[in-house]
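The file my_file.cif comes next; it holds mmCIF, C-alpha atoms and all ligand atoms.
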```
data_entry
loop_
_atom_site.label_atom_id
_atom_site.label_comp_id
_atom_site.auth_asym_id
_atom_site.auth_seq_id
_atom_site.Cartn_x
_atom_site.Cartn_y
_atom_site.Cartn_z
CA MET A 1 52.22 85.24 123.76
CA SER A 2 54.81 84.94 126.47
CA ALA A 3 56.07 81.99 128.44
CA THR A 4 57.20 83.97 131.46
CA ASN A 5 56.68 87.50 132.60
CA ASP A 6 59.25 87.92 135.36
CA ILE A 7 62.03 89.66 133.43
CA GLN A 8 60.03 92.48 131.86
CA GLN A 9 60.02 95.08 134.61
CA PRO A 10 62.88 97.54 133.66
CA ALA A 11 62.18 97.37 129.92
CA GLU A 12 58.51 98.15 130.54
CA GLN A 13 59.45 101.65 131.70
CA SER A 14 60.94 102.54 128.29
CA ARG A 15 58.92 104.31 125.57
CA TRP A 16 58.47 101.03 123.69
CA GLY A 17 57.33 99.40 126.91
CA ARG A 18 54.63 101.99 127.57
CA ASP A 19 53.33 102.40 124.02
CA TRP A 20 51.66 99.14 122.92
CA ARG A 21 50.26 100.81 119.79
CA LEU A 22 53.77 101.57 118.60
CA ARG A 23 54.81 97.94 119.20
CA HIS A 24 51.81 96.66 117.22
CA ALA A 25 52.55 99.08 114.35
CA VAL A 26 56.23 98.06 114.19
CA THR A 27 55.35 94.33 114.34
CA ILE A 28 52.76 94.71 111.56
CA LEU A 29 55.41 96.47 109.46
CA LEU A 30 57.90 93.66 110.19
CA ALA A 31 55.28 91.03 109.24
CA ILE A 32 54.60 92.83 105.94
CA ILE A 33 58.31 93.19 105.10
CA VAL A 34 59.13 89.54 105.89
CA THR A 35 56.08 88.23 103.98
CA ALA A 36 56.86 90.46 100.97
CA GLY A 37 60.51 89.34 101.06
CA PHE A 38 59.49 85.66 100.84
CA LEU A 39 56.98 86.43 98.11
CA ILE A 40 59.47 88.34 95.95
CA SER A 41 62.18 85.71 96.45
CA ARG A 42 59.94 83.01 94.93
CA GLY A 43 57.99 85.04 92.39
CA GLU A 44 58.24 82.32 89.73
CA TRP A 45 56.03 79.91 91.71
CA SER A 46 52.27 79.61 91.08
CA PRO A 47 50.47 82.34 93.07
CA MET A 48 48.74 79.89 95.46
CA HIS A 49 52.04 78.28 96.54
CA ALA A 50 53.96 81.57 96.58
CA TRP A 51 51.36 83.41 98.73
CA ASN A 52 50.45 80.66 101.20
CA ARG A 53 54.12 79.84 101.81
CA ALA A 54 55.15 83.48 102.17
CA PHE A 55 52.57 83.90 104.98
CA ALA A 56 53.53 80.51 106.48
CA ASP A 57 57.26 81.25 106.50
CA ALA A 58 56.79 84.74 107.95
CA SER A 59 54.52 83.17 110.60
CA SER A 60 57.13 80.65 111.68
CA ILE A 61 59.79 83.39 111.90
CA LEU A 62 57.61 85.63 114.08
CA ILE A 63 56.66 82.73 116.36
CA ALA A 64 60.35 81.73 116.63
CA LEU A 65 61.21 85.35 117.56
CA SER A 66 58.53 85.25 120.24
CA ILE A 67 60.01 82.04 121.66
CA VAL A 68 63.69 83.08 121.66
CA SER A 69 63.14 86.51 123.22
CA GLY A 70 62.94 84.97 126.72
CA PRO A 71 66.08 82.81 126.45
CA LEU A 72 68.03 85.69 124.82
CA ALA A 73 67.10 88.03 127.67
CA ARG A 74 68.19 85.43 130.23
CA LEU A 75 71.52 84.85 128.50
CA TRP A 76 72.40 88.50 127.82
CA GLY A 77 70.93 91.12 130.14
CA GLY A 78 71.35 93.77 127.41
CA MET A 79 68.68 92.01 125.35
CA LYS A 80 65.90 92.29 127.95
CA TRP A 81 64.13 94.79 125.69
CA LEU A 82 63.32 91.88 123.36
CA THR A 83 60.83 90.45 125.86
CA LEU A 84 58.63 93.52 125.28
CA TRP A 85 58.00 92.25 121.76
CA ARG A 86 57.14 88.68 122.76
CA ARG A 87 53.39 89.22 122.81
CA GLU A 88 53.15 91.16 119.54
CA THR A 89 55.41 88.82 117.54
CA GLY A 90 53.36 85.87 118.82
CA ILE A 91 50.01 87.50 117.98
CA TYR A 92 50.98 88.42 114.40
CA GLY A 93 52.71 85.06 113.93
CA VAL A 94 49.41 83.31 114.61
CA LEU A 95 47.43 85.77 112.43
CA LEU A 96 49.82 85.02 109.55
CA ALA A 97 49.31 81.26 110.14
CA ILE A 98 45.53 81.78 109.91
CA THR A 99 45.98 83.56 106.56
CA HIS A 100 48.23 80.69 105.35
CA THR A 101 45.53 78.17 106.34
CA VAL A 102 42.71 80.07 104.61
CA ILE A 103 44.73 80.20 101.36
CA ILE A 104 45.30 76.41 101.55
CA LEU A 105 41.62 75.72 102.26
CA GLN A 106 40.41 77.99 99.44
CA GLY A 107 43.17 77.62 96.85
CA TRP A 108 44.29 74.00 97.30
CA VAL A 109 41.54 71.77 98.76
CA GLN A 110 38.56 74.07 98.03
CA TRP A 111 37.16 73.58 101.55
CA ASP A 112 36.91 69.80 100.98
CA MET A 113 37.90 68.41 104.40
CA LEU A 114 38.44 64.89 103.00
CA ARG A 115 40.98 66.23 100.51
CA LEU A 116 42.63 68.10 103.37
CA VAL A 117 43.29 64.81 105.19
CA GLY A 118 44.64 63.02 102.11
CA TYR A 119 41.64 61.61 100.21
CA GLU A 120 40.96 62.26 96.50
CA ILE A 121 38.05 61.23 94.24
CA HIS A 122 39.08 58.17 92.23
CA PRO A 123 38.21 58.89 88.52
CA GLN A 124 36.94 55.33 87.84
CA LEU A 125 35.50 54.36 91.22
CA LEU A 126 33.97 57.83 91.65
CA GLN A 127 34.52 57.68 95.37
CA TYR A 128 37.07 59.00 97.81
CA VAL A 129 40.27 56.96 98.20
CA MET A 130 43.27 57.67 100.41
CA VAL A 131 46.19 58.77 98.22
CA GLN A 132 48.25 61.24 100.25
CA HIS A 133 48.86 59.82 103.73
CA GLY A 134 51.70 62.21 104.54
CA PHE A 135 49.81 65.27 103.29
CA GLY A 136 46.84 64.31 105.48
CA LEU A 137 48.93 63.75 108.60
CA ALA A 138 50.96 66.95 108.10
CA ASN A 139 47.73 68.95 107.72
CA ILE A 140 46.25 67.42 110.88
CA ILE A 141 49.43 68.38 112.74
CA GLY A 142 49.05 71.90 111.26
CA ILE A 143 45.45 72.05 112.55
CA PHE A 144 46.58 71.06 116.08
CA ALA A 145 49.29 73.73 115.87
CA LEU A 146 46.73 76.31 114.82
CA CYS A 147 44.40 75.34 117.70
CA TYR A 148 47.25 75.88 120.18
CA GLY A 149 48.07 79.14 118.40
CA LEU A 150 44.46 80.35 118.71
CA ILE A 151 44.38 79.61 122.46
CA LEU A 152 47.59 81.62 122.88
CA LEU A 153 46.26 84.38 120.63
CA PHE A 154 43.02 84.80 122.62
CA THR A 155 44.84 84.81 125.96
CA SER A 156 47.65 87.15 124.92
CA ASN A 157 46.15 90.24 126.56
CA ASN A 158 46.22 91.91 129.97
CA ALA A 159 42.55 91.12 130.69
CA SER A 160 43.13 87.36 130.28
CA GLN A 161 46.34 87.62 132.30
CA ARG A 162 44.43 89.26 135.19
CA MET A 163 41.47 86.89 134.95
CA LEU A 164 43.46 83.65 134.70
CA GLY A 165 46.07 84.49 137.36
CA SER A 166 48.73 81.76 137.72
CA THR A 167 46.92 79.54 135.15
CA TRP A 168 47.79 82.14 132.52
CA LYS A 169 51.48 81.31 132.74
CA PHE A 170 50.69 77.61 132.37
CA ILE A 171 48.58 78.29 129.25
CA GLN A 172 51.33 80.42 127.73
CA LEU A 173 53.80 77.53 128.14
CA GLY A 174 51.73 75.97 125.32
CA VAL A 175 54.04 77.92 123.00
CA TYR A 176 56.55 75.02 123.30
CA PRO A 177 54.19 72.24 122.09
CA LEU A 178 53.04 74.73 119.43
CA TRP A 179 56.63 75.12 118.23
CA ALA A 180 57.20 71.33 118.20
CA LEU A 181 54.06 70.83 116.07
CA ILE A 182 55.12 73.62 113.70
CA VAL A 183 58.58 72.07 113.26
CA VAL A 184 57.15 68.65 112.30
CA HIS A 185 54.52 70.22 110.00
CA VAL A 186 57.04 72.44 108.19
CA ALA A 187 59.70 69.72 107.97
CA TYR A 188 57.26 67.47 106.11
CA PHE A 189 56.46 70.13 103.49
CA LEU A 190 60.02 71.41 103.17
CA TYR A 191 61.84 68.08 102.92
CA MET A 192 59.41 65.28 102.04
CA HIS A 193 56.12 66.17 100.38
CA PHE A 194 57.49 67.04 96.94
CA GLN A 195 59.82 64.01 96.66
CA HIS A 196 58.44 61.29 94.33
CA PHE A 197 60.27 58.41 92.71
CA HIS A 198 58.10 58.69 89.57
CA ARG A 199 57.98 62.48 89.16
CA PRO A 200 60.78 65.03 88.73
CA ALA A 201 61.40 66.93 91.98
CA PRO A 202 60.60 70.69 91.79
CA GLU A 203 63.33 73.27 92.38
CA PRO A 204 64.32 72.95 96.06
CA ASN A 205 62.89 75.63 98.34
CA TRP A 206 65.83 77.84 99.42
CA LEU A 207 64.38 77.86 102.92
CA GLN A 208 65.42 74.24 103.59
CA TRP A 209 68.82 74.99 105.16
CA PRO A 210 67.87 78.29 106.90
CA PHE A 211 64.87 76.56 108.48
CA ALA A 212 67.05 73.74 109.83
CA GLY A 213 69.45 76.40 111.19
CA MET A 214 66.57 78.28 112.85
CA VAL A 215 65.30 75.12 114.59
CA ILE A 216 68.78 74.30 115.91
CA LEU A 217 69.30 77.89 117.07
CA VAL A 218 65.98 77.95 118.97
CA LEU A 219 66.87 74.65 120.69
CA LEU A 220 70.38 75.83 121.52
CA LEU A 221 69.23 79.14 123.02
CA GLN A 222 66.57 77.41 125.11
CA ALA A 223 69.05 74.81 126.36
CA LEU A 224 71.69 77.45 127.22
CA ALA A 225 69.15 79.67 129.02
CA THR A 226 67.83 76.69 131.02
CA TRP A 227 71.38 75.72 131.96
CA LYS A 228 72.18 79.30 133.03
CA VAL A 229 69.07 79.52 135.25
CA TRP A 230 69.80 76.09 136.74
CA ARG A 231 73.42 77.06 137.52
CA ARG A 232 72.38 80.41 139.04
CA ASN A 233 69.76 78.75 141.24
CA ARG A 234 72.18 76.05 142.32
CA ASN A 235 74.78 78.68 143.28
CA ARG A 236 72.14 80.54 145.29
CA GLY A 237 71.31 77.28 147.04
CA LEU A 238 67.67 77.12 145.91
CA SER A 239 65.90 73.79 146.30
CA PRO A 240 65.03 72.13 142.94
CA LYS A 241 61.32 72.80 143.63
CA LYS A 242 61.85 76.54 144.23
CA ALA A 243 64.30 76.78 141.33
CA LEU A 244 61.63 75.60 138.94
CA ARG A 245 59.29 78.48 139.85
C1 LIG B 1 50.51 77.51 113.41
C2 LIG B 1 50.05 76.98 112.29
C3 LIG B 1 50.86 76.77 111.04
C4 LIG B 1 52.12 77.20 110.69
C5 LIG B 1 53.09 78.08 111.50
C6 LIG B 1 52.41 76.69 109.38
C7 LIG B 1 53.59 76.90 108.69
C8 LIG B 1 53.91 76.32 107.49
C9 LIG B 1 55.17 76.47 106.80
C10 LIG B 1 56.34 77.32 107.30
C11 LIG B 1 55.11 75.76 105.64
C12 LIG B 1 56.24 75.55 104.62
C13 LIG B 1 56.26 76.68 103.66
C14 LIG B 1 57.33 76.52 102.61
O1 LIG B 1 57.44 75.43 102.01
O2 LIG B 1 58.07 77.51 102.35
C15 LIG B 1 53.79 75.18 105.57
C16 LIG B 1 53.33 74.45 104.51
C17 LIG B 1 52.04 74.00 104.38
N1 LIG B 1 51.05 74.07 105.36
FE1 LIG B 1 51.17 75.00 107.14
N2 LIG B 1 51.32 75.98 108.93
C18 LIG B 1 50.36 76.01 109.91
C19 LIG B 1 49.10 75.44 109.85
C20 LIG B 1 48.59 74.80 108.77
C21 LIG B 1 47.25 74.25 108.67
C22 LIG B 1 46.18 74.37 109.75
C23 LIG B 1 47.15 73.66 107.44
C24 LIG B 1 45.98 72.98 106.79
C25 LIG B 1 44.78 73.43 106.86
C26 LIG B 1 48.42 73.81 106.76
C27 LIG B 1 48.72 73.35 105.50
C28 LIG B 1 49.92 73.48 104.86
C29 LIG B 1 50.18 73.02 103.49
C30 LIG B 1 49.20 72.28 102.57
C31 LIG B 1 51.49 73.36 103.19
C32 LIG B 1 52.24 73.17 101.84
C33 LIG B 1 52.11 74.51 101.12
C34 LIG B 1 52.63 74.51 99.69
O3 LIG B 1 53.36 73.58 99.31
O4 LIG B 1 52.31 75.48 98.96
N3 LIG B 1 49.27 74.52 107.58
N4 LIG B 1 53.09 75.52 106.71
#
```

Will you turn the file into structure tokens for me?
Ligand code: HEM
Amino acid sequence: MSATNDIQQPAEQSRWGRDWRLRHAVTILLAIIVTAGFLISRGEWSPMHAWNRAFADASSILIALSIVSGPLARLWGGMKWLTLWRRETGIYGVLLAITHTVIILQGWVQWDMLRLVGYEIHPQLLQYVMVQHGFGLANIIGIFALCYGLILLFTSNNASQRMLGSTWKFIQLGVYPLWALIVVHVAYFLYMHFQHFHRPAPEPNWLQWPFAGMVILVLLLQALATWKVWRRNRNRGLSPKKALR
């Protein structure tokens, strides 16, 4: 997964740049450590919630890392090496999201697609009735996010890059809509889903504030990097059309 590929050249000559197996191994290790960290930090939760959320949270962190590597490299030349990891962090971020989804489908809605979109069997009427509008909408947003993620996952390889040519870059820009969908999906579950006026609220998830911080940081880095590129292009006298390339 990578939005642009034009700032990778010097870093690609390093050992990390040449050895993709090493990068995959390190990213897998990172994914395991982050997932285990989330799991241990919330060990008192029921296993279904603890496991699906640990994978989900690790997924959003890896995808965020994939997104900010480009802006960070643009802002600070010394961080160009980060762009080498953009593809791997994106790939394992999406694989973790798939695992999160499978746990939800198996452990929460038992593969019942009507339950997934907010319906439940009414005990007296013995038919499906809509009871969880927000849950349904948030899951549909999650499914759209996953579809975007899968497209990026299947095109995050050199063969696709060669085959698709300039279209490849356009497809990889899909990481931004993916991130927007993830933010809305996660915000619903972190801040709204468990609030009821007639039921005691569960212990707040400690991730609430760090997640908000992460979203602001991603936005800030993207805005600063865009501003820096715009200012550089303006100083070089590039036309707005060329500057966008
Ligand atoms: C790229 C795709 C996705 C990402 C990155 C993602 C990420 C997340 C995150 C970070 C959370 C909050 C975890 C927490 O509270 O600590 C979450 C919650 C949740 N997501 Fe997703 N998700 C994705 C796709 C999906 C899909 C496709 C579904 C439905 C099939 C789904 C269903 C849920 C549910 C039900 C919860 C609440 C979990 C709980 O309370 O235990 N997600 N997701």

Problem set entry | Point-to-point distance from atom N4 of ligand LIG 1 (chain B) to atom CA of Ile182 of chain A, Å rounded to tenths |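 Calculated distance between atom N4 of ligand LIG 1 (chain B) and atom CA of Ile182 of chain A is 7.5 Å.
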
Within 6 Å of ligand LIG 1 (chain B), counting all atoms listed in the file, which protein or nucleic acid residues do you find, written as a compact mmCIF listing (two decimals) with C-alpha atoms, keeping the file's coordinate frame?
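pocket.txt was written with the following content:
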```
# COMPACT_ATOMS: atom_id res chain seq x y z
CA HIS A 49 52.04 78.28 96.54
CA ASN A 52 50.45 80.66 101.20
CA ARG A 53 54.12 79.84 101.81
CA ALA A 56 53.53 80.51 106.48
CA ASP A 57 57.26 81.25 106.50
CA SER A 59 54.52 83.17 110.60
CA SER A 60 57.13 80.65 111.68
CA ALA A 97 49.31 81.26 110.14
CA THR A 101 45.53 78.17 106.34
CA ILE A 104 45.30 76.41 101.55
CA ASN A 139 47.73 68.95 107.72
CA GLY A 142 49.05 71.90 111.26
CA ILE A 143 45.45 72.05 112.55
CA ALA A 145 49.29 73.73 115.87
CA LEU A 146 46.73 76.31 114.82
CA GLY A 149 48.07 79.14 118.40
CA ILE A 182 55.12 73.62 113.70
CA VAL A 186 57.04 72.44 108.19
CA PHE A 189 56.46 70.13 103.49
CA LEU A 190 60.02 71.41 103.17
```

I'd like to know which of A:Trp85, A:Trp227, A:Phe38, A:Phe144 is closest to Ile63 of chain A, using only C-alpha atoms.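 Answer, going by the shortest atom-to-atom distance: A:Trp85.
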
As an exercise, work out the distance from atom CA of Phe135 of chain A to atom CA of Gly118 of chain A in Å and give it to one decimal place.
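That distance, rounded to one decimal, is 5.8 Å.
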
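Residues lying at most 10 Å from (53.6, 78.9, 126.6) in file coordinates, with all atoms listed in the file considered, are Met1, Ser2, Ala3, Thr4, Ile67, Tyr148, Gly149, Leu152, Trp168, Lys169, Phe170, Ile171, Gln172, Leu173, Gly174, Val175, Tyr176, Pro177, Leu178 and Trp179 of chain A.
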
re atom CA of Thr99 of chain A and atom CA of Phe55 of chain A: distance 6.8 Å

Residue nearest Pro47 of chain A - candidates A:Leu96, A:Ile103, A:Val34, A:Leu29, atoms counted: all atoms listed in the file: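 Using all atoms listed in the file, the shortest distance to Pro47 of chain A belongs to A:Ile103.
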
Restricting the calculation to all atoms listed in the file: of A:Leu65, A:Ala31, A:Val109, A:Ile91, which residue gets closest to Leu153 of chain A?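 Nearest candidate to Leu153 of chain A out of A:Leu65, A:Ala31, A:Val109, A:Ile91: A:Ile91.
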
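Of the listed residues (A:Met130, A:Ile61, A:Leu137, A:Arg21), A:Ile61 comes nearest to Val218 of chain A; the distances count all atoms listed in the file.
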
Using all atoms listed in the file, the shortest atom-to-atom distance to Cys147 of chain A among A:Gln161, A:Arg231, A:Gln124, A:Leu181 belongs to A:Leu181

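You can rank A:Met113, A:Leu219, A:Leu164, A:Ala180 by their closest distance to Ile140 of chain A using only C-alpha atoms, and at the top of that list sits A:Met113.
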